[in-house]
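Q: The following file, target-v9.txt, comprises compact mmCIF, C-alpha atoms and all ligand atoms:
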# COMPACT_ATOMS: atom_id res chain seq x y z
CA MET A 24 -13.37 -15.62 -24.70
CA SER A 25 -12.98 -14.53 -21.13
CA THR A 26 -15.91 -14.98 -18.76
CA ILE A 27 -14.75 -12.27 -16.40
CA LYS A 28 -17.40 -9.57 -16.10
CA CYS A 29 -16.39 -7.91 -12.86
CA ILE A 30 -13.01 -7.54 -11.24
CA GLY A 31 -12.15 -6.57 -7.67
CA ILE A 32 -9.07 -4.56 -6.83
CA LEU A 33 -7.28 -4.16 -3.51
CA THR A 34 -4.02 -2.90 -2.01
CA SER A 35 -2.48 -4.75 0.91
CA GLY A 36 0.59 -4.78 3.17
CA GLY A 37 2.92 -1.80 3.25
CA ASP A 38 1.86 1.17 1.11
CA ALA A 39 4.09 2.31 -1.74
CA PRO A 40 4.07 5.40 -3.97
CA GLY A 41 2.51 4.48 -7.31
CA MET A 42 -0.19 2.23 -5.87
CA ASN A 43 -2.78 4.85 -6.83
CA ALA A 44 -1.44 5.01 -10.37
CA ALA A 45 -1.86 1.23 -10.52
CA ILE A 46 -5.43 1.37 -9.16
CA ARG A 47 -6.25 3.98 -11.78
CA ALA A 48 -4.80 1.96 -14.65
CA VAL A 49 -6.43 -1.32 -13.59
CA THR A 50 -9.81 0.38 -13.21
CA ARG A 51 -9.67 2.17 -16.53
CA SER A 52 -8.30 -0.79 -18.45
CA ALA A 53 -11.03 -3.05 -17.06
CA ILE A 54 -13.73 -0.54 -18.00
CA TYR A 55 -12.14 -0.05 -21.43
CA ASN A 56 -12.47 -3.80 -21.92
CA GLY A 57 -16.13 -3.85 -20.92
CA MET A 58 -15.77 -5.10 -17.37
CA SER A 59 -17.07 -3.52 -14.21
CA VAL A 60 -14.78 -2.79 -11.27
CA LYS A 61 -15.19 -2.99 -7.52
CA GLY A 62 -12.75 -1.31 -5.15
CA ILE A 63 -12.10 -3.31 -2.00
CA TYR A 64 -10.92 -1.22 0.96
CA ARG A 65 -8.23 -2.13 3.51
CA GLY A 66 -6.82 -5.13 1.68
CA TYR A 67 -7.94 -8.62 2.65
CA LYS A 68 -9.60 -7.17 5.75
CA GLY A 69 -12.15 -5.25 3.68
CA LEU A 70 -12.68 -8.29 1.50
CA ILE A 71 -13.76 -10.27 4.54
CA THR A 72 -15.90 -7.50 6.06
CA GLY A 73 -17.35 -6.38 2.71
CA GLU A 74 -15.95 -2.84 2.50
CA ILE A 75 -16.54 -2.80 -1.23
CA GLN A 76 -17.62 -0.07 -3.64
CA GLU A 77 -18.20 0.04 -7.37
CA PHE A 78 -15.52 2.06 -9.18
CA LYS A 79 -16.20 4.14 -12.30
CA THR A 80 -13.53 6.05 -14.22
CA GLN A 81 -14.22 9.19 -12.10
CA ASN A 82 -13.41 7.31 -8.90
CA VAL A 83 -9.80 7.19 -10.01
CA SER A 84 -9.52 10.75 -11.35
CA ASN A 85 -6.79 12.98 -10.01
CA ILE A 86 -4.94 10.26 -8.11
CA ILE A 87 -1.98 9.39 -10.36
CA GLN A 88 0.17 11.95 -8.53
CA ARG A 89 -0.84 10.98 -5.00
CA GLY A 90 1.25 8.81 -2.67
CA GLY A 91 -0.26 6.10 -0.44
CA THR A 92 -3.38 4.29 -1.60
CA ILE A 93 -6.94 5.61 -1.89
CA LEU A 94 -8.15 2.05 -1.23
CA LYS A 95 -6.28 2.11 2.12
CA THR A 96 -4.26 -0.86 3.17
CA ALA A 97 -4.15 -3.11 6.20
CA ARG A 98 -2.60 -6.20 7.62
CA CYS A 99 -5.15 -8.97 8.11
CA MET A 100 -4.50 -11.94 10.38
CA GLU A 101 -7.84 -13.62 9.58
CA PHE A 102 -6.77 -14.09 5.97
CA LYS A 103 -4.00 -16.35 7.22
CA THR A 104 -6.65 -18.82 8.48
CA PRO A 105 -8.78 -21.14 6.28
CA GLN A 106 -11.94 -19.74 7.92
CA GLY A 107 -10.95 -16.16 7.09
CA ARG A 108 -10.22 -17.07 3.49
CA GLU A 109 -13.55 -18.87 3.18
CA GLN A 110 -15.34 -15.75 4.38
CA ALA A 111 -13.42 -13.78 1.77
CA TYR A 112 -14.42 -16.25 -0.95
CA ASN A 113 -18.09 -16.09 0.06
CA LYS A 114 -17.95 -12.31 -0.14
CA LEU A 115 -16.53 -12.46 -3.67
CA ILE A 116 -19.37 -14.75 -4.75
CA GLU A 117 -21.96 -12.53 -3.05
CA GLU A 118 -20.52 -9.43 -4.77
CA GLU A 119 -20.31 -11.27 -8.10
CA ILE A 120 -16.60 -10.48 -8.45
CA ASP A 121 -15.07 -12.92 -10.97
CA ALA A 122 -11.36 -12.13 -10.54
CA LEU A 123 -9.05 -10.14 -8.31
CA VAL A 124 -6.13 -7.81 -8.92
CA VAL A 125 -4.06 -7.47 -5.76
CA ILE A 126 -1.31 -4.89 -5.32
CA GLY A 127 1.25 -5.44 -2.59
CA GLY A 128 4.45 -7.08 -1.50
CA ASP A 129 5.67 -10.53 -0.66
CA GLY A 130 3.03 -11.20 2.03
CA THR A 131 0.16 -10.01 -0.15
CA LEU A 132 1.19 -12.27 -3.02
CA THR A 133 1.74 -15.21 -0.65
CA GLY A 134 -1.85 -14.79 0.58
CA ALA A 135 -3.08 -14.47 -3.01
CA ARG A 136 -1.31 -17.64 -4.04
CA ILE A 137 -2.79 -19.69 -1.21
CA PHE A 138 -6.28 -18.30 -1.83
CA ALA A 139 -6.12 -18.83 -5.61
CA GLN A 140 -5.13 -22.46 -5.14
CA GLU A 141 -7.66 -23.19 -2.42
CA PHE A 142 -10.64 -21.87 -4.35
CA ASN A 143 -9.38 -22.18 -7.93
CA TYR A 144 -9.97 -18.44 -8.19
CA PRO A 145 -8.29 -16.15 -10.78
CA ILE A 146 -5.91 -13.59 -9.30
CA VAL A 147 -3.28 -11.37 -10.88
CA GLY A 148 -0.78 -9.59 -8.64
CA LEU A 149 1.12 -6.33 -9.07
CA PRO A 150 4.42 -5.85 -7.23
CA GLY A 151 3.76 -2.82 -5.01
CA THR A 152 6.59 -2.36 -2.52
CA ILE A 153 9.44 0.12 -2.08
CA ASP A 154 11.75 -2.79 -1.13
CA ASN A 155 12.15 -4.14 -4.71
CA ASP A 156 12.40 -7.63 -3.20
CA LEU A 157 10.13 -9.60 -5.53
CA PHE A 158 11.80 -12.10 -7.81
CA GLY A 159 11.11 -12.04 -11.56
CA THR A 160 10.72 -8.30 -12.00
CA ASP A 161 13.55 -5.82 -12.49
CA VAL A 162 11.74 -3.23 -10.40
CA THR A 163 8.69 -2.91 -8.18
CA ILE A 164 6.16 -0.08 -7.98
CA GLY A 165 7.38 2.52 -5.46
CA TYR A 166 11.04 1.55 -5.46
CA ASP A 167 12.33 4.39 -7.62
CA THR A 168 10.39 7.04 -5.71
CA ALA A 169 11.77 5.73 -2.40
CA LEU A 170 15.26 5.75 -3.89
CA ASN A 171 14.83 9.40 -4.85
CA THR A 172 13.59 10.24 -1.36
CA ILE A 173 16.61 8.53 0.19
CA MET A 174 18.92 10.41 -2.15
CA GLU A 175 17.42 13.78 -1.17
CA CYS A 176 17.68 12.96 2.55
CA VAL A 177 21.28 11.80 2.29
CA ASP A 178 22.19 14.96 0.38
CA LYS A 179 20.91 16.98 3.35
CA ILE A 180 22.66 14.86 5.96
CA ARG A 181 25.88 15.21 3.97
CA ASP A 182 25.94 18.92 4.77
CA THR A 183 26.11 18.21 8.51
CA ALA A 184 28.47 15.28 8.10
CA THR A 185 30.95 17.44 6.19
CA SER A 186 30.65 20.43 8.49
CA HIS A 187 31.40 18.34 11.57
CA ASP A 188 33.76 15.66 10.20
CA ARG A 189 31.40 12.93 11.26
CA LEU A 190 30.70 9.33 10.36
CA PHE A 191 26.98 8.89 9.71
CA PHE A 192 25.18 5.58 9.58
CA ILE A 193 21.86 6.10 7.82
CA GLU A 194 19.34 3.30 8.07
CA VAL A 195 17.05 2.71 5.10
CA MET A 196 14.19 0.26 4.57
CA GLY A 197 14.28 -2.90 2.47
CA ARG A 198 13.20 -5.66 4.85
CA ASP A 199 15.80 -8.31 4.07
CA ALA A 200 16.92 -6.82 0.78
CA GLY A 201 19.70 -4.32 0.15
CA PHE A 202 18.48 -2.68 -3.07
CA LEU A 203 17.53 0.62 -1.45
CA ALA A 204 20.74 0.77 0.58
CA LEU A 205 23.07 -0.12 -2.28
CA ASN A 206 21.52 1.98 -5.03
CA GLY A 207 20.74 4.75 -2.54
CA ALA A 208 24.44 4.82 -1.66
CA ILE A 209 25.49 5.00 -5.31
CA ALA A 210 22.98 7.75 -6.08
CA SER A 211 23.90 9.91 -3.09
CA GLY A 212 27.65 9.40 -3.30
CA ALA A 213 27.79 7.61 0.07
CA GLU A 214 31.04 5.89 1.00
CA ALA A 215 29.59 2.44 1.60
CA ALA A 216 26.47 0.32 2.04
CA ILE A 217 25.95 -2.46 4.56
CA ILE A 218 23.41 -4.89 3.13
CA PRO A 219 22.07 -8.28 4.21
CA GLU A 220 23.07 -10.03 0.99
CA THR A 221 26.77 -9.66 1.74
CA SER A 222 26.61 -9.44 5.54
CA LEU A 223 26.25 -13.18 5.61
CA GLU A 224 29.50 -13.65 3.70
CA LYS A 225 31.76 -11.18 5.49
CA ASP A 226 32.07 -8.54 8.16
CA GLN A 227 31.46 -5.45 6.06
CA LEU A 228 32.20 -2.95 8.83
CA ALA A 229 35.61 -4.44 9.59
CA GLU A 230 36.42 -4.71 5.92
CA MET A 231 35.49 -1.09 5.28
CA ILE A 232 37.62 0.19 8.10
CA GLU A 233 40.58 -2.07 7.36
CA ASN A 234 40.54 -0.91 3.77
CA GLY A 235 40.87 2.62 5.10
CA PHE A 236 37.66 3.86 3.59
CA ARG A 237 38.09 7.20 5.40
CA LYS A 238 41.75 7.74 4.60
CA SER A 239 41.20 10.53 2.15
CA LYS A 240 38.06 11.88 3.80
CA ASN A 241 37.06 13.60 7.00
CA SER A 242 33.38 12.79 6.85
CA SER A 243 31.65 9.65 5.66
CA ILE A 244 28.18 8.36 5.07
CA VAL A 245 27.30 4.68 5.19
CA LEU A 246 23.84 3.42 4.27
CA VAL A 247 22.66 0.45 6.31
CA ALA A 248 19.74 -1.80 5.34
CA GLU A 249 17.28 -2.20 8.23
CA SER A 250 17.53 -6.00 8.30
CA GLU A 251 18.26 -8.05 11.42
CA ILE A 252 21.12 -9.60 9.49
CA THR A 253 22.97 -6.28 9.28
CA GLY A 254 22.04 -5.28 12.84
CA GLY A 255 20.59 -2.01 11.51
CA ALA A 256 22.26 1.40 11.86
CA MET A 257 22.04 1.33 15.68
CA GLY A 258 23.74 -2.05 15.90
CA ILE A 259 26.51 -1.01 13.52
CA ALA A 260 27.01 2.32 15.31
CA GLU A 261 27.31 0.62 18.73
CA ARG A 262 29.96 -1.69 17.35
CA THR A 263 31.85 1.17 15.75
CA LYS A 264 31.88 3.20 18.96
CA LYS A 265 33.30 0.22 20.84
CA GLU A 266 35.79 -1.03 18.27
CA TYR A 267 36.81 2.24 16.62
CA PRO A 268 36.42 4.98 19.27
CA GLN A 269 38.36 7.47 17.14
CA PHE A 270 35.26 8.12 15.00
CA ASP A 271 32.58 10.68 15.81
CA VAL A 272 29.57 8.52 15.02
CA ARG A 273 25.96 9.55 14.39
CA VAL A 274 22.85 7.61 13.37
CA THR A 275 19.83 8.66 11.32
CA ILE A 276 16.93 6.29 10.72
CA LEU A 277 14.94 7.50 7.73
CA GLY A 278 11.90 5.37 8.64
CA HIS A 279 8.48 5.88 7.16
CA LEU A 280 9.25 9.03 5.25
CA GLN A 281 10.72 6.68 2.63
CA ARG A 282 7.24 5.35 1.87
CA GLY A 283 5.54 8.68 1.28
CA GLY A 284 5.37 11.33 -1.38
CA SER A 285 4.21 11.77 -4.92
CA PRO A 286 5.43 8.95 -7.19
CA CYS A 287 8.19 9.87 -9.64
CA ALA A 288 7.60 9.62 -13.39
CA GLN A 289 9.19 6.19 -13.58
CA ASP A 290 6.86 4.72 -10.94
CA ARG A 291 3.77 6.32 -12.50
CA ILE A 292 4.65 4.85 -15.87
CA LEU A 293 5.56 1.45 -14.41
CA ALA A 294 2.33 1.29 -12.37
CA THR A 295 0.25 2.31 -15.38
CA ARG A 296 1.88 -0.25 -17.66
CA MET A 297 1.51 -2.98 -15.05
CA GLY A 298 -2.11 -2.06 -14.33
CA VAL A 299 -3.03 -2.31 -18.00
CA ALA A 300 -1.04 -5.56 -18.26
CA ALA A 301 -2.96 -7.06 -15.32
CA ILE A 302 -6.23 -6.81 -17.24
CA ASP A 303 -4.57 -8.07 -20.44
CA ALA A 304 -3.33 -11.07 -18.44
CA LEU A 305 -6.82 -11.90 -17.16
CA LEU A 306 -8.26 -11.53 -20.67
CA ASP A 307 -5.50 -13.84 -21.84
CA ASP A 308 -6.65 -16.45 -19.29
CA GLN A 309 -3.52 -16.04 -17.20
CA ARG A 310 -4.01 -17.08 -13.58
CA ASN A 311 -1.98 -16.72 -10.42
CA VAL A 312 0.77 -14.63 -11.91
CA MET A 313 2.50 -11.46 -10.88
CA ILE A 314 3.09 -8.84 -13.56
CA GLY A 315 6.77 -7.99 -13.82
CA THR A 316 9.11 -6.19 -16.15
CA GLN A 317 12.34 -7.64 -17.47
CA ASN A 318 14.50 -5.57 -19.82
CA ASP A 319 11.60 -3.16 -20.12
CA GLN A 320 9.20 -5.86 -21.37
CA ILE A 321 6.11 -6.96 -19.47
CA VAL A 322 6.37 -10.55 -18.21
CA TYR A 323 4.09 -12.90 -16.28
CA VAL A 324 5.78 -14.43 -13.24
CA PRO A 325 4.03 -17.34 -11.46
CA PHE A 326 3.33 -16.44 -7.80
CA SER A 327 5.39 -19.43 -6.71
CA LYS A 328 8.49 -17.98 -8.41
CA ALA A 329 7.95 -14.36 -7.37
CA ILE A 330 7.74 -15.09 -3.65
CA LYS A 331 9.81 -18.19 -3.10
CA ASN A 332 13.11 -17.03 -4.52
CA ASP A 333 15.46 -14.47 -3.09
CA LYS A 334 16.04 -11.80 -5.67
CA PRO A 335 19.81 -11.54 -6.17
CA ILE A 336 21.62 -8.26 -5.88
CA ASN A 337 23.61 -7.28 -8.95
CA LYS A 338 27.26 -7.82 -7.93
CA GLU A 339 28.45 -5.24 -10.44
CA LEU A 340 26.76 -2.58 -8.30
CA LEU A 341 28.89 -3.51 -5.29
CA ASN A 342 31.98 -2.87 -7.33
CA THR A 343 30.53 0.35 -8.76
CA LEU A 344 30.03 1.71 -5.26
CA ARG A 345 33.48 0.60 -4.12
CA VAL A 346 35.26 2.20 -7.08
CA SER A 347 33.23 5.40 -7.14
CA SER A 348 33.63 6.13 -3.44
CA ILE A 349 37.40 5.98 -2.95
P1 LIG A 401 3.47 -7.07 2.16
O1 LIG A 401 2.44 -7.46 1.17
O2 LIG A 401 3.86 -5.63 2.04
O3 LIG A 401 4.66 -8.01 2.17
P2 LIG A 401 2.51 -8.30 4.68
O4 LIG A 401 3.63 -9.27 4.78
O5 LIG A 401 2.08 -7.60 5.91
O6 LIG A 401 2.81 -7.13 3.63
O7 LIG A 401 1.26 -9.07 4.07
C1 LIG A 401 0.04 -8.41 3.82
C2 LIG A 401 -1.12 -9.31 4.12
O8 LIG A 401 -1.09 -10.46 3.25
C3 LIG A 401 -1.16 -9.90 5.53
O9 LIG A 401 -1.66 -9.01 6.48
C4 LIG A 401 -2.11 -11.08 5.31
O10 LIG A 401 -3.44 -10.68 5.27
C5 LIG A 401 -1.69 -11.57 3.91
N1 LIG A 401 -0.74 -12.68 4.06
C6 LIG A 401 0.60 -12.62 4.26
N2 LIG A 401 1.14 -13.85 4.39
C7 LIG A 401 0.12 -14.73 4.27
C8 LIG A 401 0.00 -16.16 4.33
N3 LIG A 401 1.06 -16.94 4.55
N4 LIG A 401 -1.23 -16.70 4.16
C9 LIG A 401 -2.31 -15.92 3.94
N5 LIG A 401 -2.27 -14.58 3.88
C10 LIG A 401 -1.08 -13.98 4.04
Kindly return the structure encoded in the file as C-alpha cells.
Ligand code: ADP

A:
Amino acid sequence: MSTIKCIGILTSGGDAPGMNAAIRAVTRSAIYNGMSVKGIYRGYKGLITGEIQEFKTQNVSNIIQRGGTILKTARCMEFKTPQGREQAYNKLIEEEIDALVVIGGDGTLTGARIFAQEFNYPIVGLPGTIDNDLFGTDVTIGYDTALNTIMECVDKIRDTATSHDRLFFIEVMGRDAGFLALNGAIASGAEAAIIPETSLEKDQLAEMIENGFRKSKNSSIVLVAESEITGGAMGIAERTKKEYPQFDVRVTILGHLQRGGSPCAQDRILATRMGVAAIDALLDDQRNVMIGTQNDQIVYVPFSKAIKNDKPINKELLNTLRVSSI
C-alpha cells in the first residue's frame, strides 16, 4: 500500500510540445487514484522559492492541445548546489508533498537523480524534450511534433532552393543528437543529413560531395544538427564556400520555432500514456525511474541508465536516407 498522499509536478529545462498533455494526465491520474496534486511553477526554481499551487482537474482543462508548459519552465543554478537542494527538500516537507513527477530532458533528470539519492525521496521522471536524446525510450515527448515542424519548414525552403538552383544547409536542434536531423531529412526528402554521431567517424561533407550527391540535381537540401561536433550549418557552409566555390550556398537556422506549436496526435497520446504510467509507477513503489516506451510498451528506466548512456542512432536510417535521396 502506497503512502503517497500528495504529489508535486514540475516541468524543467527546455520546453517541449506535449508537456501540457503530460501535466494533465499526471494530475488526473493522481486524483483518480485518490491523491492530491500540487503544481510547482518554473521547475526547480519554483520548488526552492515555493511557487506552488494546488491543482484540481479543472486546472488542467483545455490544455492538451497547447504547446509550451502552463507550469512554466526555468533553468535553476541553485539546484546544482547542495544548499539549493536542501532548500528544495525543506519546501517539499513544508508543503507535505510526498513524491515528485518531473518532466524534462537530460539535465532535469540528472538533477532529479542527485536529489532523490541525497534525500531518499521518491521521484518519477518523464522524458520531455524535442531532442529524443534520452536512453531507454524509443521516443520522447515533443520529438514527433518538432519533426513535423521541421518537415513543414523544409518543404517551404525547398521551393526557393529549386527555383534558384541552390544548396541549402538547414540547421535543426538536437543538442548532441542527430535524431531530428536524420529523420527530418528522410521525412522532407532532403539530400543528406550531417549529424554528430557520424561526424566523429568521417568527414560527411567531403564524402557527400565526392560521392556526387548533386550530380542528378540542381538544388539540394542538407539538414545539419546544431552540435559543436558538426560545426552547425554556418560552419559547414563556410567550409563549402571555401572548398567548393562552385555551389551557391545558403543557410537557414530553424531555431526556436522547432519547440513551439500544438502537439501532434502522437505526442498527445505518448504524453498521456506516460503521465498515467508515472502515477502507476509511484503506486507500484517504483523510485528514481524515467518512464519510457519500447516497442510501444511502457517501461521503467532507472535514471542512471537514461542519462548516462548515449542513445544510439539507428544505422538503418542512414542507409535509408542515402538510398532514397540519389
Ligand atoms: P534539460 O532538462 O532540458 O536537459 P537543463 O540541462 O537546462 O535542461 O537542466 C534543467 C535544470 O535541471 C537545470 O537548470 C538545473 O536546475 C537542473 N540540473 C541540471 N543538471 C544538474 C546537476 N548536475 N545537478 C543538479 N541539478 C541539475

Q: List as a ChimeraX atom specification the protein and nucleic acid residues lying within 10 Å of ligand LIG 401 (chain A), with all atoms listed in the file counted.

A: /A:34-39,65-68,96-105,107-108,125-138,150-154,156-157,198,330

Q: Could you pull the residues within 7 Å of region 185-192 of chain A, counting all atoms listed in the file, minus those fewer than 6 positions along the same chain, as JSON, numbers by chain?

A: {"A": [241, 242, 243, 244, 245, 246, 247, 256, 260, 270, 271, 272, 273, 274, 275]}

Q: If you measure from CA of Ala44 (chain A) to CA of Asn82 (chain A), what distance in Å do you get, rounded to one decimal?

A: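 Taking CA of Ala44 (chain A) as the start and CA of Asn82 (chain A) as the end point, the length is 12.3 Å.
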
Q: Can you list, as an NGL selection string, every protein, DNA or RNA residue that comes within 12 Å of Leu306 (chain A) when you count only C-alpha atoms, leaving out same-chain residues fewer than 5 positions away?

A: :A and (24-30 or 52-53 or 56-58 or 121-122 or 145-147 or 299-301)

Q: Distance CA of Glu109 (chain A)-CA of Tyr144 (chain A), one decimal place?

A: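 For CA of Glu109 (chain A) relative to CA of Tyr144 (chain A), the distance reads 11.9 Å.
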
Q: Which of these, A:Thr163, A:Ser285, A:Ser59, A:Thr343, has the shortest distance to Met313 (chain A) once you count all atoms listed in the file?

A: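 Closest to Met313 (chain A), using all atoms listed in the file: A:Thr163.
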
Q: Which is closer to Ile218 (chain A) than all the others in A:Thr160, A:Ser250, A:Asn311, A:Asn234, using all atoms listed in the file?

A: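 Using all atoms listed in the file, the shortest distance to Ile218 (chain A) belongs to A:Ser250.
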